[in-house]
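To start, the structure under review is shown below, and the notes come after it.
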Amino acid sequence: MKPSPMPTRRRIVLVAHDNRKAELVDWARFNRGTLEKHELFGTGTTGTMIALELGLPVSTFLSGPLGGDQQIGAAIAEHRLDLVVFFWDPLEPQPHDVDVKALLRIAVVYNVPIACNRATADFVLSSPLMAKEYTPSGTLIPE
């Protein structure tokens, strides 16, 4: 399966655990001008918070513990997402920890950029590659 070019209007999913939601909303508010140029997705609560705070459309999946993480993983495998911004909490046990690990794993397998903290999200969003067509290489999926 050969990777196809990402469109210049990226499909970005925004996800955060409860302890990190305020930080993600703050980051999204700071980056509203850039985010409004892209198609946004989110898990239930996080996506709704981002939509209300930024006044931008955000398509939502289910809440993470109710299957949202698995829906995002499926969207990655089906090449329907280009970037994951997931402010997860590695210090707090999560009842759906296996789903979180599966989501992180599928993003790596399909070579989808995944930012798990604010610094990485800043670097990715401000990259010159965000403004032009990009074809990822090095996927773990055999061609």
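A note on labels: chains of the structure tokens are A, B, ... as shown, every chain counts residues from 1, and ligands are counted from 1 in their shown order.
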
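Of the residues in range 78-125 of chain A, those given helix (DSSP H, G or I) by DSSP on the backbone are Asp97, Val98, Asp99, Val100, Lys101, Ala102, Leu103, Leu104, Arg105, Ile106, Ala107, Val108, Val109, Arg118, Ala119, Thr120, Ala121, Asp122, Phe123, Val124 and Leu125 of chain A.
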
Store the residues picked out above, limited to C-alpha atoms, as a compact mmCIF listing (two decimals), in the first residue's frame.
```txt
# COMPACT_ATOMS: atom_id res chain seq x y z
CA ASP A 97 -5.42 2.44 28.47
CA VAL A 98 -5.29 -0.42 25.95
CA ASP A 99 -7.24 1.74 23.48
CA VAL A 100 -4.85 4.65 24.01
CA LYS A 101 -1.85 2.41 23.36
CA ALA A 102 -3.54 0.96 20.27
CA LEU A 103 -4.15 4.49 18.93
CA LEU A 104 -0.53 5.49 19.49
CA ARG A 105 0.62 2.26 17.85
CA ILE A 106 -1.61 2.65 14.77
CA ALA A 107 -0.39 6.22 14.22
CA VAL A 108 3.20 4.95 14.19
CA VAL A 109 2.37 1.98 11.95
CA ARG A 118 2.35 21.16 23.49
CA ALA A 119 5.97 21.54 22.37
CA THR A 120 5.65 18.86 19.71
CA ALA A 121 2.27 20.21 18.58
CA ASP A 122 3.84 23.68 18.22
CA PHE A 123 6.71 22.31 16.13
CA VAL A 124 4.42 20.25 13.89
CA LEU A 125 1.83 22.99 13.33
```

* When DSSP works through the backbone of this structure, what residues of chain A end up as strand (DSSP E or B), shown as a count of residues only? -> 22

* To do: Work out how far CA of Thr45 in chain A is from CA of Asn117 in chain A, in Å to one decimal.
  =>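 One can read the CA of Asn117 in chain A to CA of Thr45 in chain A distance as 18.6 Å.
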
* To do: For each of A:Thr48, A:Gln70, A:Thr43, A:Thr60, take the minimum atom-to-atom distance to Phe86 in chain A, counting only C-alpha atoms, then give the residue where this is smallest.
  =>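 Selected residue with least distance to Phe86 in chain A: A:Thr43.
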
* Among listed residues A:Phe61, A:Tyr134, A:Pro5, A:Glu39, nearest Ala75 in chain A (using only C-alpha atoms) ->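 Using only C-alpha atoms, the shortest distance to Ala75 in chain A belongs to A:Phe61.
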
Shell around Gly55 in chain A at 10 Å using only C-alpha atoms, local window under 6 positions removed, as an mmCIF file with N, CA and C atoms, in the first residue's frame:
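What follows is the written file result22.cif:
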```cif
data_model
loop_
_atom_site.group_PDB
_atom_site.id
_atom_site.type_symbol
_atom_site.label_atom_id
_atom_site.label_comp_id
_atom_site.auth_asym_id
_atom_site.auth_seq_id
_atom_site.Cartn_x
_atom_site.Cartn_y
_atom_site.Cartn_z
ATOM 1 N N ARG A 29 -6.686 27.578 21.009
ATOM 2 C CA ARG A 29 -7.036 29.000 20.968
ATOM 3 C C ARG A 29 -5.860 29.808 20.424
ATOM 4 N N ARG A 32 -5.567 29.197 16.630
ATOM 5 C CA ARG A 32 -6.829 29.233 15.899
ATOM 6 C C ARG A 32 -6.641 29.623 14.432
ATOM 7 N N GLU A 36 -7.974 26.979 11.643
ATOM 8 C CA GLU A 36 -9.165 27.265 10.840
ATOM 9 C C GLU A 36 -8.956 26.955 9.360
ATOM 10 N N MET A 49 -15.644 20.928 23.171
ATOM 11 C CA MET A 49 -14.998 22.060 23.850
ATOM 12 C C MET A 49 -14.248 22.940 22.858
#
```

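Put simply, CA of Asp26 in chain A is 14.5 Å away from CA of Leu56 in chain A.
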
* Excluding same-chain residues fewer than 4 positions from Asn19 in chain A, what lies within 9 Å of it counting only C-alpha atoms, as a count of residues only? -> 4

* From A:Ser59, A:Thr135, A:Ser4, A:Ser126, residue lying nearest His79 in chain A [only C-alpha atoms] ->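 Looking at the shortest contact to His79 in chain A, the residue is A:Ser4.
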
* To do: Report the distance between CA of Asp82 in chain A and CA of Ile12 in chain A in Å, rounded to one decimal place.
  =>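 Going from CA of Asp82 in chain A over to CA of Ile12 in chain A, I get 6.0 Å.
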
* Out of A:Ala131, A:Leu14, A:Val25, A:Leu83, which residue has the shortest atom-to-atom distance to Phe41 in chain A when counting only C-alpha atoms? ->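 Using only C-alpha atoms, the shortest distance to Phe41 in chain A belongs to A:Leu14.
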